[in-house]
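Heads up, run24.cif below (mmCIF, C-alpha atoms):
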```
data_model
#
loop_
_atom_site.group_PDB
_atom_site.id
_atom_site.type_symbol
_atom_site.label_atom_id
_atom_site.label_comp_id
_atom_site.auth_asym_id
_atom_site.auth_seq_id
_atom_site.Cartn_x
_atom_site.Cartn_y
_atom_site.Cartn_z
ATOM 1 C CA MET A 1190 28.570 -87.610 -21.390
ATOM 2 C CA SER A 1191 26.315 -87.163 -18.666
ATOM 3 C CA ARG A 1192 22.865 -87.035 -19.802
ATOM 4 C CA LYS A 1193 20.008 -85.341 -18.153
ATOM 5 C CA PRO A 1194 17.902 -87.596 -16.067
ATOM 6 C CA GLU A 1195 14.777 -88.649 -17.718
ATOM 7 C CA LEU A 1196 11.672 -87.056 -16.282
ATOM 8 C CA LYS A 1197 8.598 -89.085 -15.704
ATOM 9 C CA GLY A 1198 4.990 -88.313 -15.199
ATOM 10 C CA ARG A 1199 3.873 -84.805 -14.461
ATOM 11 C CA ALA A 1200 7.367 -83.304 -14.601
ATOM 12 C CA ALA A 1201 7.826 -84.674 -18.134
ATOM 13 C CA ARG A 1202 4.649 -83.011 -19.293
ATOM 14 C CA LEU A 1203 5.681 -79.654 -17.796
ATOM 15 C CA ALA A 1204 9.162 -79.938 -19.282
ATOM 16 C CA ARG A 1205 7.679 -80.354 -22.718
ATOM 17 C CA LEU A 1206 5.675 -77.099 -22.314
ATOM 18 C CA LEU A 1207 8.690 -74.967 -21.396
ATOM 19 C CA PRO A 1208 11.726 -74.902 -23.628
ATOM 20 C CA ALA A 1209 14.831 -75.790 -21.689
ATOM 21 C CA GLY A 1210 17.748 -73.593 -22.833
ATOM 22 C CA ARG A 1211 16.053 -70.571 -24.191
ATOM 23 C CA ALA A 1212 13.866 -69.693 -21.186
ATOM 24 C CA GLN A 1213 16.706 -68.253 -19.124
ATOM 25 C CA ALA A 1214 17.819 -65.875 -21.889
ATOM 26 C CA ALA A 1215 14.308 -64.526 -22.492
ATOM 27 C CA ARG A 1216 13.692 -63.696 -18.808
ATOM 28 C CA THR A 1217 16.625 -61.295 -18.396
ATOM 29 C CA PRO A 1218 15.348 -58.450 -20.631
ATOM 30 C CA PHE A 1219 11.880 -58.713 -19.076
ATOM 31 C CA VAL A 1220 13.255 -58.450 -15.540
ATOM 32 C CA LEU A 1221 15.406 -55.454 -16.545
ATOM 33 C CA LEU A 1222 12.388 -53.794 -18.161
ATOM 34 C CA VAL A 1223 10.294 -54.262 -15.000
ATOM 35 C CA VAL A 1224 13.122 -52.878 -12.798
ATOM 36 C CA VAL A 1225 13.548 -49.825 -15.061
ATOM 37 C CA ILE A 1226 9.800 -49.147 -15.088
ATOM 38 C CA LEU A 1227 9.559 -49.438 -11.298
ATOM 39 C CA GLY A 1228 12.654 -47.226 -10.765
ATOM 40 C CA GLY A 1229 11.346 -44.608 -13.196
ATOM 41 C CA GLY A 1230 7.983 -44.641 -11.442
ATOM 42 C CA LEU A 1231 9.610 -44.128 -8.049
ATOM 43 C CA ILE A 1232 11.782 -41.284 -9.334
ATOM 44 C CA GLY A 1233 8.719 -39.715 -10.994
ATOM 45 C CA LEU A 1234 6.768 -39.928 -7.726
ATOM 46 C CA LEU A 1235 9.676 -38.309 -5.874
ATOM 47 C CA VAL A 1236 9.832 -35.407 -8.351
ATOM 48 C CA LEU A 1237 6.047 -34.991 -8.234
ATOM 49 C CA ASN A 1238 6.044 -34.994 -4.438
ATOM 50 C CA SER A 1239 8.805 -32.349 -4.363
ATOM 51 C CA ALA A 1240 6.900 -30.126 -6.802
ATOM 52 C CA LEU A 1241 3.720 -30.413 -4.722
ATOM 53 C CA SER A 1242 5.628 -29.518 -1.551
ATOM 54 C CA GLU A 1243 7.147 -26.470 -3.230
ATOM 55 C CA GLY A 1244 3.704 -25.432 -4.485
ATOM 56 C CA SER A 1245 2.212 -25.742 -1.003
ATOM 57 C CA PHE A 1246 4.959 -23.484 0.410
ATOM 58 C CA LYS A 1247 4.274 -20.886 -2.276
ATOM 59 C CA LEU A 1248 0.556 -21.131 -1.568
ATOM 60 C CA ALA A 1249 1.131 -20.550 2.155
ATOM 61 C CA ASP A 1250 3.304 -17.497 1.396
ATOM 62 C CA LEU A 1251 0.698 -16.071 -0.978
ATOM 63 C CA GLN A 1252 -2.087 -16.616 1.559
ATOM 64 C CA LYS A 1253 -0.021 -14.802 4.204
ATOM 65 C CA GLN A 1254 0.660 -11.928 1.790
ATOM 66 C CA THR A 1255 -3.050 -11.761 0.907
ATOM 67 C CA LYS A 1256 -3.960 -11.559 4.591
ATOM 68 C CA ASN A 1257 -1.449 -8.733 5.162
ATOM 69 C CA LEU A 1258 -2.734 -6.807 2.161
ATOM 70 C CA THR A 1259 -6.333 -7.287 3.282
ATOM 71 C CA ASP A 1260 -5.463 -5.948 6.731
ATOM 72 C CA GLN A 1261 -3.723 -2.955 5.136
ATOM 73 C CA GLU A 1262 -6.734 -2.290 2.898
ATOM 74 C CA GLN A 1263 -9.067 -2.376 5.897
ATOM 75 C CA ALA A 1264 -6.831 0.044 7.819
ATOM 76 C CA LEU A 1265 -6.798 2.450 4.872
ATOM 77 C CA GLN A 1266 -10.585 2.169 4.545
ATOM 78 C CA ARG A 1267 -10.940 3.045 8.251
ATOM 79 C CA ASP A 1268 -8.743 6.122 7.680
ATOM 80 C CA ILE A 1269 -10.879 7.168 4.711
ATOM 81 C CA ASP A 1270 -14.047 6.714 6.753
ATOM 82 C CA ALA A 1271 -12.575 8.797 9.594
ATOM 83 C CA TYR A 1272 -11.576 11.621 7.221
ATOM 84 C CA SER A 1273 -14.932 11.627 5.447
ATOM 85 C CA ALA A 1274 -17.026 11.707 8.632
ATOM 86 C CA PRO A 1275 -19.183 14.853 8.840
ATOM 87 C CA ASP A 1276 -17.559 16.185 12.010
ATOM 88 C CA ALA A 1277 -14.067 15.708 10.561
ATOM 89 C CA LEU A 1278 -15.094 17.485 7.348
ATOM 90 C CA GLN A 1279 -16.598 20.367 9.338
ATOM 91 C CA ARG A 1280 -13.462 20.704 11.489
ATOM 92 C CA ARG A 1281 -11.192 20.688 8.438
ATOM 93 C CA ALA A 1282 -13.397 23.244 6.660
ATOM 94 C CA ARG A 1283 -13.185 25.576 9.655
ATOM 95 C CA GLU A 1284 -9.393 25.164 9.711
ATOM 96 C CA LEU A 1285 -9.375 26.318 6.087
ATOM 97 C CA GLY A 1286 -11.532 29.345 6.960
ATOM 98 C CA MET A 1287 -14.749 28.124 5.369
ATOM 99 C CA VAL A 1288 -18.135 29.032 6.831
ATOM 100 C CA PRO A 1289 -21.557 27.471 6.316
ATOM 101 C CA GLY A 1290 -23.443 28.984 3.396
ATOM 102 C CA GLY A 1291 -26.455 31.259 3.747
ATOM 103 C CA ASP A 1292 -29.907 30.659 2.380
ATOM 104 C CA PRO A 1293 -29.746 29.629 -1.273
ATOM 105 C CA ALA A 1294 -31.655 31.206 -4.129
ATOM 106 C CA PHE A 1295 -32.484 29.366 -7.322
ATOM 107 C CA LEU A 1296 -32.880 30.609 -10.871
ATOM 108 C CA GLY A 1297 -35.762 29.256 -12.855
ATOM 109 C CA PRO A 1298 -35.509 28.448 -16.572
ATOM 110 C CA ASP A 1299 -37.306 31.696 -17.401
ATOM 111 C CA GLY A 1300 -34.858 33.795 -15.349
ATOM 112 C CA THR A 1301 -36.984 34.250 -12.233
ATOM 113 C CA VAL A 1302 -35.339 34.065 -8.840
ATOM 114 C CA LYS A 1303 -36.909 31.661 -6.372
ATOM 115 C CA GLY A 1304 -36.082 32.174 -2.715
ATOM 116 C CA VAL A 1305 -34.333 35.007 -0.934
ATOM 117 C CA PRO A 1306 -30.549 34.745 -0.960
ATOM 118 C CA GLY A 1307 -28.836 35.309 2.348
ATOM 119 C CA ALA A 1308 -25.237 36.223 3.055
ATOM 120 C CA ALA A 1309 -22.970 33.646 4.619
ATOM 121 C CA PRO A 1310 -22.242 34.361 8.272
ATOM 122 C CA SER A 1311 -18.831 35.763 9.028
ATOM 123 C CA PRO A 1312 -16.445 33.329 10.696
ATOM 124 C CA ALA A 1313 -16.283 33.465 14.470
ATOM 125 C CA PRO A 1314 -13.140 35.189 15.721
ATOM 126 C CA GLU A 1315 -10.592 32.726 16.990
ATOM 127 C CA PRO A 1316 -8.996 33.145 20.393
ATOM 128 C CA ALA A 1317 -5.804 35.225 20.352
ATOM 129 C CA ALA A 1318 -3.711 32.196 21.317
ATOM 130 C CA LEU A 1319 -4.694 30.379 18.119
ATOM 131 C CA THR A 1320 -4.160 33.235 15.656
ATOM 132 C CA ALA A 1321 -0.797 34.106 14.178
ATOM 133 C CA PRO A 1322 0.616 37.551 14.925
ATOM 134 C CA ALA A 1323 0.017 40.135 12.230
ATOM 135 C CA ALA A 1324 2.921 40.626 9.868
ATOM 136 C CA PRO A 1325 4.472 44.109 9.872
ATOM 137 C CA ALA A 1326 3.688 46.271 6.898
ATOM 138 C CA PRO A 1327 6.412 46.348 4.263
ATOM 139 C CA LEU A 1328 8.670 49.384 4.344
ATOM 140 C CA THR A 1329 8.569 51.928 1.569
ATOM 141 C CA PRO A 1330 11.557 54.100 0.622
ATOM 142 C CA ALA A 1331 9.873 57.089 2.266
ATOM 143 C CA ASP A 1332 9.480 55.174 5.544
ATOM 144 C CA ALA A 1333 13.133 54.158 5.525
ATOM 145 C CA LEU A 1334 14.319 57.783 5.297
ATOM 146 C CA ALA A 1335 11.926 59.236 7.876
ATOM 147 C CA PRO A 1336 13.268 59.270 11.446
ATOM 148 C CA THR A 1337 11.139 57.426 13.921
ATOM 149 C CA ALA A 1338 12.220 59.375 17.019
ATOM 150 C CA PRO A 1339 13.681 62.834 17.460
ATOM 151 C CA PRO A 1340 17.469 62.825 17.924
ATOM 152 C CA SER A 1341 17.141 64.254 21.403
ATOM 153 C CA ALA A 1342 15.155 61.202 22.489
ATOM 154 C CA LEU A 1343 17.975 58.822 21.576
ATOM 155 C CA PRO A 1344 19.920 57.533 24.576
ATOM 156 C CA SER A 1345 23.338 58.996 25.051
ATOM 157 C CA GLN A 1346 26.503 56.988 24.812
ATOM 158 C CA PRO A 1347 27.659 55.543 28.144
ATOM 159 C CA GLN A 1348 30.836 56.722 29.804
ATOM 160 C CA GLY A 1349 32.883 53.662 28.855
ATOM 161 C CA GLY A 1350 32.773 54.565 25.177
ATOM 162 C CA LEU A 1351 30.737 51.541 24.216
ATOM 163 C CA PRO A 1352 27.713 52.063 22.002
ATOM 164 C CA PRO A 1353 24.346 51.726 23.695
ATOM 165 C CA PHE A 1354 22.479 48.448 23.387
ATOM 166 C CA ALA A 1355 20.317 48.583 20.311
ATOM 167 C CA PRO A 1356 17.775 45.963 19.298
ATOM 168 C CA ALA A 1357 18.847 43.725 16.442
ATOM 169 C CA ALA A 1358 17.530 44.561 13.028
ATOM 170 C CA VAL A 1359 14.491 42.489 12.181
ATOM 171 C CA PRO A 1360 14.446 41.240 8.592
ATOM 172 C CA PRO A 1361 11.306 42.249 6.726
ATOM 173 C CA ALA A 1362 8.561 39.655 6.715
ATOM 174 C CA PRO A 1363 7.751 38.049 3.379
ATOM 175 C CA PRO A 1364 4.681 39.518 1.746
ATOM 176 C CA ALA A 1365 1.463 37.788 2.658
ATOM 177 C CA ALA A 1366 0.232 35.387 -0.007
ATOM 178 C CA PRO A 1367 -3.015 36.569 -1.563
ATOM 179 C CA GLN A 1368 -5.998 34.414 -0.670
ATOM 180 C CA PRO A 1369 -7.717 32.844 -3.688
ATOM 181 C CA ILE A 1370 -11.176 34.158 -4.382
ATOM 182 C CA PRO A 1371 -13.727 31.346 -4.555
ATOM 183 C CA THR A 1372 -15.599 31.206 -7.812
ATOM 184 C CA PRO A 1373 -19.201 30.023 -7.931
ATOM 185 C CA THR A 1374 -19.835 26.755 -9.666
ATOM 186 C CA PRO A 1375 -22.209 27.203 -12.610
ATOM 187 C CA GLY A 1376 -25.425 25.251 -12.447
ATOM 188 C CA ARG A 1377 -25.634 25.004 -8.672
#
```
Represent the structure of the file as structure tokens.
Amino acid sequence: MSRKPELKGRAARLARLLPAGRAQAARTPFVLLVVVILGGGLIGLLVLNSALSEGSFKLADLQKQTKNLTDQEQALQRDIDAYSAPDALQRRARELGMVPGGDPAFLGPDGTVKGVPGAAPSPAPEPAALTAPAAPAPLTPADALAPTAPPSALPSQPQGGLPPFAPAAVPPAPPAAPQPIPTPTPGR
């Protein structure tokens, strides 16, 4: 029984533009939609930020690994350069028993020899301290049966009945490995 107060003037004109009862019900879904959109946007930004942070950590790890591998590659390249230096190659060749070659001779296409071939110089003898002792010659059955000293030259047994001190038997040395014979390379 109470009636709404009657609006006058400007308020009456505005009240006619907006419906009275229905306006409140129509605003609720719109407000919920805006809140959901804003919340989803914030959650999306949070997920995106986390993914970018994770990617930056992976990038830093990969850059560190790349730097380590680059350093390792440079160290290996320095080793290769040291091994391929002329003085290192010459030293290693001498360790293997190689000697510089003599004067070369060349064969022409018609079979003529150009130049006078020279023999390679023999390797310089190494000091005795650097060479290995010569291996004893292998024993043959005839050597094993032949006495090495006359029986009268053997020392007599001491008075205490103990046998005289004899050197320990030396096991035979393994046979020396045959050295491979170098073969000339055709066409050179």
Given the choices A:Thr1301, A:Thr1217, A:Gln1266, A:Ser1311, which gets closest to A:Val1288 if the distance is worked out from all atoms listed in the file?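 Using all atoms listed in the file, A:Val1288 sits closest to A:Ser1311.
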Would you kindly translate the PyMOL selection byres ((chain A and resi 1305) around 6) into the concrete residues it picks from this file, as a list in words? Ala1294, Gly1304 and Pro1306 of chain A
Can you work out the spacing between atom CA of A:Ala1249 and atom CA of A:Val1236 in Å, to one decimal?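 These atoms are spaced 20.2 Å apart.
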A:Ala1309, A:Leu1251, A:Leu1241, A:Ala1271: which is nearest A:Pro1289, counting all atoms listed in the file?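 Smallest separation from A:Pro1289 among the options: A:Ala1309.
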